[in-house]
Amino acid sequence: MQYYRIGETLEPLDSLPPEDEAFLAVLRPDELHTAPLPQGITPPQPPEDPRDNQYCRLHMEQGELTGQVRLPQRSAAAGKKFVFAMGGKSLLLVDHNGYAGEVLKLLTLPAGREMTADELLAELLAVQIHDALPALQELESRLTVLEQEVLADNTERFIHKMSAIRRELNRETRFYAQLGDLAETLQEDGADLLGHRALRRLGYFSRRVTTLRSEAQILREYATQISSEYQAQVDILQNRVMKLLTIVTTIFLPLSLIVGWYGMNFDMPELSWEYGYPAIIIVAVAVVVLLILYFRRKKWL
């Protein structure tokens, strides 16, 4: 449980400040129904459908604003959740696994003027995408390495690696789509609850989210292109195998003819000839050698 007075800075407080002051309350989920809350704020309720807890959501009712931002899992880092409620002059953050504390450490307040709760909320939302671009750049680097491996004909476990990257890209794309919808809803339906500065900051946040979503979409197309290159490599390898099999079949086809010819059950003059057997061997070897030389001259082998 932690309280802050909202002003030019976030001033830590030991107890709930007077009702006419703007303040920030940071509470753990188990403290929501026991700790004192500012006037006009009710504890955010979990969604009726547990599956909705995996998405960003926003709810506005009777001058109060509640919402949730669900950050996707990135590489080895687990997903995080940012839950908030705003009413009157104050703001409430629900601290799940210490994430609210991390967000406050990353927060940079404008110097020289006092903040309001709605401006603070806009700044906190902007913090949620502070590391989004490095995360996309890391995915792009992994895709580039994967492409180089494909071009070098090193496709071991390609499908598993690409599948993992695609899942992360899908999570990122859904996350930015949900954030964009949340920002637009705040700007359109929450104009009565937000001031001019907060709306302007939300406009910047919305543009950043749109840009990040476009970048994620470009990476998805890049991943599709690499998959096409991998499939082309597989097709080339299969064509090489079929070409080799065709050449081998063509080389041994005359030998099969000779075997069939002398497998017939009737008397042939050369069978009684002293050098008949060596002559047939020489003819068979000569056929194979001539065909190999012919294929090499045509650069088919």
# chains A, B, ... in the order shown; residues from 1 in each chain; ligands from 1
call {"tool": "residues_around", "arguments": {"residues": "range 291-301 of chain A", "least_positions_apart": "3", "cutoff": "12 Å", "atoms": "only C-alpha atoms", "output": "list in words"}}
result
Arg240, Val241, Met242, Lys243, Leu244, Leu245, Thr246, Ile247, Val248, Thr249, Thr250, Ile251, Phe252, Leu253, Pro254, Leu255, Ala284, Val285, Ala286, Val287 and Val288 of chain A
call {"tool": "residues_around", "arguments": {"residues": "Pro38 in chain A", "least_positions_apart": "5", "cutoff": "12 Å", "atoms": "only C-alpha atoms", "output": "list in words"}}
result
Tyr3, Tyr4, Arg5, Ser15, Leu16, Pro17, Pro18, Glu19, Asp20, Glu21, Ala22, Phe23, Leu24, Ala25, Val26, Leu32, Pro43, Glu64, Ala85, Met86, Gly87, Gly88, Lys89, Ser90, Leu91, Leu92 and Leu93 of chain A
call {"tool": "write_last_selection", "arguments": {"atoms": "N, CA, C and O atoms", "output": "short mmCIF file (atom, residue, chain, number, x, y, z; two decimals), in the first residue's frame"}}
result
data_model
loop_
_atom_site.label_atom_id
_atom_site.label_comp_id
_atom_site.auth_asym_id
_atom_site.auth_seq_id
_atom_site.Cartn_x
_atom_site.Cartn_y
_atom_site.Cartn_z
N TYR A 3 0.68 5.69 -1.08
CA TYR A 3 -0.05 6.84 -1.58
C TYR A 3 0.95 7.92 -2.00
O TYR A 3 2.01 8.08 -1.40
N TYR A 4 0.56 8.68 -3.04
CA TYR A 4 1.39 9.77 -3.55
C TYR A 4 0.51 10.99 -3.80
O TYR A 4 -0.60 10.85 -4.33
N ARG A 5 1.02 12.15 -3.46
CA ARG A 5 0.35 13.39 -3.83
C ARG A 5 0.78 13.77 -5.23
O ARG A 5 1.96 13.81 -5.55
N SER A 15 -0.30 8.26 4.58
CA SER A 15 -1.72 7.96 4.74
C SER A 15 -2.50 8.66 3.64
O SER A 15 -1.93 9.40 2.83
N LEU A 16 -3.80 8.44 3.65
CA LEU A 16 -4.67 9.02 2.63
C LEU A 16 -4.72 10.53 2.82
O LEU A 16 -5.01 11.03 3.90
N PRO A 17 -4.46 11.34 1.78
CA PRO A 17 -4.50 12.80 1.91
C PRO A 17 -5.93 13.32 1.93
O PRO A 17 -6.88 12.55 1.73
N PRO A 18 -6.12 14.62 2.16
CA PRO A 18 -7.47 15.19 2.14
C PRO A 18 -8.16 14.96 0.80
O PRO A 18 -7.52 14.83 -0.24
N GLU A 19 -9.50 14.95 0.84
CA GLU A 19 -10.26 14.60 -0.36
C GLU A 19 -10.13 15.63 -1.46
O GLU A 19 -10.35 15.33 -2.63
N ASP A 20 -9.81 16.87 -1.12
CA ASP A 20 -9.73 17.90 -2.15
C ASP A 20 -8.38 17.91 -2.88
O ASP A 20 -8.16 18.72 -3.78
N GLU A 21 -7.48 17.03 -2.53
CA GLU A 21 -6.18 16.94 -3.18
C GLU A 21 -6.14 15.77 -4.16
O GLU A 21 -6.79 14.75 -3.95
N ALA A 22 -5.37 15.95 -5.23
CA ALA A 22 -5.20 14.87 -6.21
C ALA A 22 -4.10 13.94 -5.73
O ALA A 22 -3.03 14.39 -5.34
N PHE A 23 -4.37 12.66 -5.74
CA PHE A 23 -3.35 11.73 -5.30
C PHE A 23 -3.46 10.41 -6.04
O PHE A 23 -4.46 10.10 -6.70
N LEU A 24 -2.38 9.67 -5.93
CA LEU A 24 -2.26 8.35 -6.57
C LEU A 24 -2.18 7.30 -5.48
O LEU A 24 -1.39 7.42 -4.55
N ALA A 25 -3.00 6.26 -5.61
CA ALA A 25 -2.96 5.13 -4.68
C ALA A 25 -2.47 3.90 -5.43
O ALA A 25 -2.96 3.58 -6.51
N VAL A 26 -1.47 3.22 -4.86
CA VAL A 26 -0.94 1.99 -5.44
C VAL A 26 -1.20 0.87 -4.44
O VAL A 26 -0.61 0.84 -3.36
N LEU A 32 -7.39 -4.12 -2.00
CA LEU A 32 -8.41 -3.29 -2.63
C LEU A 32 -9.64 -3.09 -1.74
O LEU A 32 -10.26 -2.03 -1.77
N PRO A 43 -13.10 -0.17 -6.38
CA PRO A 43 -12.11 -1.17 -6.82
C PRO A 43 -12.48 -1.76 -8.17
O PRO A 43 -13.65 -2.12 -8.39
N GLU A 64 -16.49 7.70 -13.75
CA GLU A 64 -15.34 6.90 -13.32
C GLU A 64 -14.82 6.10 -14.50
O GLU A 64 -15.59 5.60 -15.34
N ALA A 85 -7.78 2.73 -12.23
CA ALA A 85 -9.12 3.31 -12.04
C ALA A 85 -8.93 4.79 -11.75
O ALA A 85 -8.07 5.17 -10.95
N MET A 86 -9.73 5.64 -12.41
CA MET A 86 -9.63 7.07 -12.20
C MET A 86 -11.01 7.64 -11.90
O MET A 86 -11.98 7.32 -12.58
N GLY A 87 -11.08 8.47 -10.88
CA GLY A 87 -12.32 9.12 -10.52
C GLY A 87 -12.01 10.44 -9.83
O GLY A 87 -11.15 10.50 -8.95
N GLY A 88 -12.72 11.49 -10.21
CA GLY A 88 -12.46 12.79 -9.60
C GLY A 88 -11.06 13.27 -9.90
O GLY A 88 -10.61 13.30 -11.04
N LYS A 89 -10.33 13.62 -8.85
CA LYS A 89 -8.97 14.13 -9.01
C LYS A 89 -7.90 13.06 -8.79
O LYS A 89 -6.71 13.38 -8.84
N SER A 90 -8.30 11.83 -8.52
CA SER A 90 -7.33 10.84 -8.08
C SER A 90 -7.29 9.63 -9.01
O SER A 90 -8.17 9.42 -9.85
N LEU A 91 -6.24 8.85 -8.80
CA LEU A 91 -5.97 7.69 -9.65
C LEU A 91 -5.57 6.51 -8.78
O LEU A 91 -4.85 6.67 -7.78
N LEU A 92 -6.03 5.33 -9.15
CA LEU A 92 -5.70 4.10 -8.43
C LEU A 92 -5.00 3.14 -9.39
O LEU A 92 -5.44 2.93 -10.52
N LEU A 93 -3.89 2.57 -8.93
CA LEU A 93 -3.20 1.52 -9.67
C LEU A 93 -3.21 0.25 -8.85
O LEU A 93 -2.94 0.27 -7.65
#
call {"tool": "atom_distance", "arguments": {"atom1": "CA of Leu169 in chain A", "atom2": "CA of Val103 in chain A"}}
result
23.5 Å
call {"tool": "residues_around", "arguments": {"residues": "Pro110 in chain A", "least_positions_apart": "2", "cutoff": "12 Å", "atoms": "only C-alpha atoms", "output": "list in words"}}
result
Gly7, Glu8, Thr9, Leu10, Leu107, Thr108, Gly112, Arg113, Glu114, Met115, Thr116, Glu119, Leu120, Glu123, Arg197 and Arg201 of chain A
call {"tool": "select_by_dssp", "arguments": {"residues": "range 60-263 of chain A", "states": "strand (DSSP E or B)", "output": "JSON, numbers by chain"}}
result
{"A": [60, 61, 64, 65, 66, 67, 68, 69, 70, 71, 74, 77, 80, 81, 82, 83, 84, 85, 86, 87, 90, 91, 92, 93, 94]}
call {"tool": "residues_around", "arguments": {"residues": "Ile226 in chain A", "least_positions_apart": "5", "cutoff": "12 Å", "atoms": "only C-alpha atoms", "output": "compact mmCIF listing (two decimals) with N, CA, C and O atoms, in the first residue's frame"}}
result
# COMPACT_ATOMS: atom_id res chain seq x y z
N GLU A 140 13.19 -8.56 -35.30
CA GLU A 140 13.73 -8.37 -36.65
C GLU A 140 15.12 -8.99 -36.77
O GLU A 140 15.45 -9.61 -37.80
N ARG A 142 16.27 -11.54 -35.09
CA ARG A 142 16.11 -12.99 -35.15
C ARG A 142 15.64 -13.44 -36.54
O ARG A 142 16.08 -14.49 -37.05
N LEU A 143 14.77 -12.66 -37.16
CA LEU A 143 14.31 -13.00 -38.50
C LEU A 143 15.46 -12.89 -39.51
O LEU A 143 15.58 -13.73 -40.41
N THR A 144 16.31 -11.87 -39.35
CA THR A 144 17.44 -11.70 -40.26
C THR A 144 18.41 -12.88 -40.16
O THR A 144 18.90 -13.39 -41.18
N VAL A 145 18.69 -13.31 -38.93
CA VAL A 145 19.57 -14.47 -38.73
C VAL A 145 18.95 -15.71 -39.36
O VAL A 145 19.64 -16.50 -40.02
N LEU A 146 17.64 -15.86 -39.20
CA LEU A 146 16.96 -17.02 -39.76
C LEU A 146 17.02 -16.99 -41.29
O LEU A 146 17.20 -18.03 -41.94
N GLU A 147 16.89 -15.80 -41.88
CA GLU A 147 16.98 -15.68 -43.33
C GLU A 147 18.37 -16.05 -43.83
O GLU A 147 18.51 -16.75 -44.85
N GLN A 148 19.41 -15.60 -43.12
CA GLN A 148 20.77 -15.93 -43.51
C GLN A 148 21.01 -17.44 -43.43
O GLN A 148 21.72 -18.02 -44.28
N GLU A 149 20.43 -18.08 -42.44
CA GLU A 149 20.56 -19.54 -42.33
C GLU A 149 19.89 -20.24 -43.50
O GLU A 149 20.40 -21.23 -44.03
N VAL A 150 18.73 -19.72 -43.92
CA VAL A 150 18.03 -20.31 -45.07
C VAL A 150 18.86 -20.16 -46.33
O VAL A 150 19.02 -21.11 -47.12
N LEU A 151 19.44 -18.96 -46.54
CA LEU A 151 20.25 -18.73 -47.74
C LEU A 151 21.52 -19.57 -47.72
O LEU A 151 22.06 -19.92 -48.79
N THR A 155 18.87 -25.20 -42.68
CA THR A 155 17.45 -25.10 -42.33
C THR A 155 17.06 -26.04 -41.19
O THR A 155 15.89 -26.38 -41.04
N PHE A 158 14.14 -25.09 -38.68
CA PHE A 158 13.62 -23.81 -39.17
C PHE A 158 12.16 -23.61 -38.77
O PHE A 158 11.77 -22.54 -38.33
N ILE A 159 11.37 -24.65 -38.95
CA ILE A 159 9.93 -24.52 -38.68
C ILE A 159 9.68 -24.19 -37.22
O ILE A 159 8.82 -23.35 -36.90
N LYS A 161 11.75 -22.62 -35.10
CA LYS A 161 12.20 -21.25 -34.84
C LYS A 161 11.22 -20.24 -35.42
O LYS A 161 10.86 -19.26 -34.76
N MET A 162 10.78 -20.48 -36.66
CA MET A 162 9.85 -19.54 -37.28
C MET A 162 8.50 -19.54 -36.57
O MET A 162 7.86 -18.49 -36.42
N SER A 163 8.07 -20.70 -36.11
CA SER A 163 6.80 -20.77 -35.39
C SER A 163 6.84 -19.95 -34.11
O SER A 163 5.88 -19.24 -33.78
N ILE A 165 8.75 -17.30 -33.51
CA ILE A 165 8.75 -15.88 -33.87
C ILE A 165 7.37 -15.43 -34.32
O ILE A 165 6.91 -14.33 -33.97
N ARG A 166 6.69 -16.25 -35.09
CA ARG A 166 5.34 -15.90 -35.54
C ARG A 166 4.40 -15.72 -34.36
O ARG A 166 3.56 -14.81 -34.35
N LEU A 219 6.97 -6.79 -40.06
CA LEU A 219 7.75 -7.96 -39.64
C LEU A 219 7.00 -9.25 -39.95
O LEU A 219 7.63 -10.27 -40.30
N ARG A 220 5.68 -9.24 -39.82
CA ARG A 220 4.90 -10.44 -40.17
C ARG A 220 5.05 -10.74 -41.66
O ARG A 220 5.17 -11.91 -42.06
N GLU A 221 5.04 -9.70 -42.49
CA GLU A 221 5.22 -9.91 -43.92
C GLU A 221 6.64 -10.40 -44.21
O GLU A 221 6.85 -11.23 -45.11
N GLN A 231 10.69 -22.45 -48.36
CA GLN A 231 9.97 -23.40 -49.21
C GLN A 231 10.64 -23.53 -50.57
O GLN A 231 10.71 -24.63 -51.15
N ALA A 232 11.18 -22.40 -51.08
CA ALA A 232 11.90 -22.45 -52.36
C ALA A 232 13.15 -23.31 -52.23
O ALA A 232 13.48 -24.07 -53.16
N GLN A 233 13.86 -23.19 -51.09
CA GLN A 233 15.04 -24.02 -50.86
C GLN A 233 14.66 -25.50 -50.81
O GLN A 233 15.38 -26.36 -51.34
call {"tool": "select_by_dssp", "arguments": {"residues": "range 102-244 of chain A", "states": "alpha helix (DSSP H)", "output": "JSON, numbers by chain"}}
result
{"A": [102, 103, 104, 105, 106, 117, 118, 119, 120, 121, 122, 123, 124, 125, 126, 127, 132, 133, 134, 135, 136, 137, 138, 139, 140, 141, 142, 143, 144, 145, 146, 147, 148, 149, 150, 151, 158, 159, 160, 161, 162, 163, 164, 165, 166, 167, 168, 169, 170, 171, 172, 173, 174, 175, 176, 177, 178, 179, 180, 181, 182, 183, 184, 185, 186, 187, 188, 189, 196, 197, 198, 199, 200, 201, 202, 203, 204, 205, 206, 207, 208, 209, 210, 211, 212, 213, 214, 215, 216, 217, 218, 219, 220, 221, 222, 223, 224, 225, 226, 227, 228, 229, 230, 231, 232, 233, 234, 235, 236, 237, 238, 239, 240, 241, 242, 243, 244]}
call {"tool": "atom_distance", "arguments": {"atom1": "CA of Leu71 in chain A", "atom2": "CA of Gln217 in chain A"}}
result
17.7 Å
call {"tool": "residues_around", "arguments": {"residues": "range 125-137 of chain A", "least_positions_apart": "4", "cutoff": "8 Å", "atoms": "only C-alpha atoms", "output": "PDB file with C-alpha atoms, in the first residue's frame"}}
result
ATOM      1  CA  LEU A  71       1.387  -6.685 -21.901  1.00  0.00           C
ATOM      2  CA  ARG A  74       8.279 -11.320 -24.781  1.00  0.00           C
ATOM      3  CA  VAL A 103       6.081   1.653 -14.150  1.00  0.00           C
ATOM      4  CA  LEU A 106      10.109   4.643 -15.551  1.00  0.00           C
ATOM      5  CA  LEU A 107       7.752   7.622 -15.363  1.00  0.00           C
ATOM      6  CA  LEU A 121      -2.803   8.326 -16.540  1.00  0.00           C
ATOM      7  CA  SER A 141      17.284  -9.442 -35.769  1.00  0.00           C
ATOM      8  CA  PHE A 205       0.243   7.712 -27.575  1.00  0.00           C
ATOM      9  CA  VAL A 209       0.774   2.644 -31.146  1.00  0.00           C
ATOM     10  CA  LEU A 212       4.318   0.146 -33.755  1.00  0.00           C
ATOM     11  CA  GLU A 215       6.117  -2.134 -37.794  1.00  0.00           C
ATOM     12  CA  ALA A 216       4.785  -5.412 -36.387  1.00  0.00           C
TER      13      ALA A 216
END
call {"tool": "closest_residue", "arguments": {"among": "A:Leu290, A:Asp118, A:Ala191, A:Met268", "to": "Ile6 in chain A", "atoms": "only C-alpha atoms"}}
result
A:Asp118
call {"tool": "closest_residue", "arguments": {"among": "A:Glu11, A:Arg171, A:Gly98, A:Ala117", "to": "Gly195 in chain A", "atoms": "only C-alpha atoms"}}
result
A:Ala117
call {"tool": "closest_residue", "arguments": {"among": "A:Val234, A:Ile281, A:Ala177, A:Leu58", "to": "Thr210 in chain A", "atoms": "only C-alpha atoms"}}
result
A:Ala177
call {"tool": "closest_residue", "arguments": {"among": "A:Ser227, A:Leu186, A:His96, A:Gly263", "to": "Leu199 in chain A", "atoms": "only C-alpha atoms"}}
result
A:Leu186
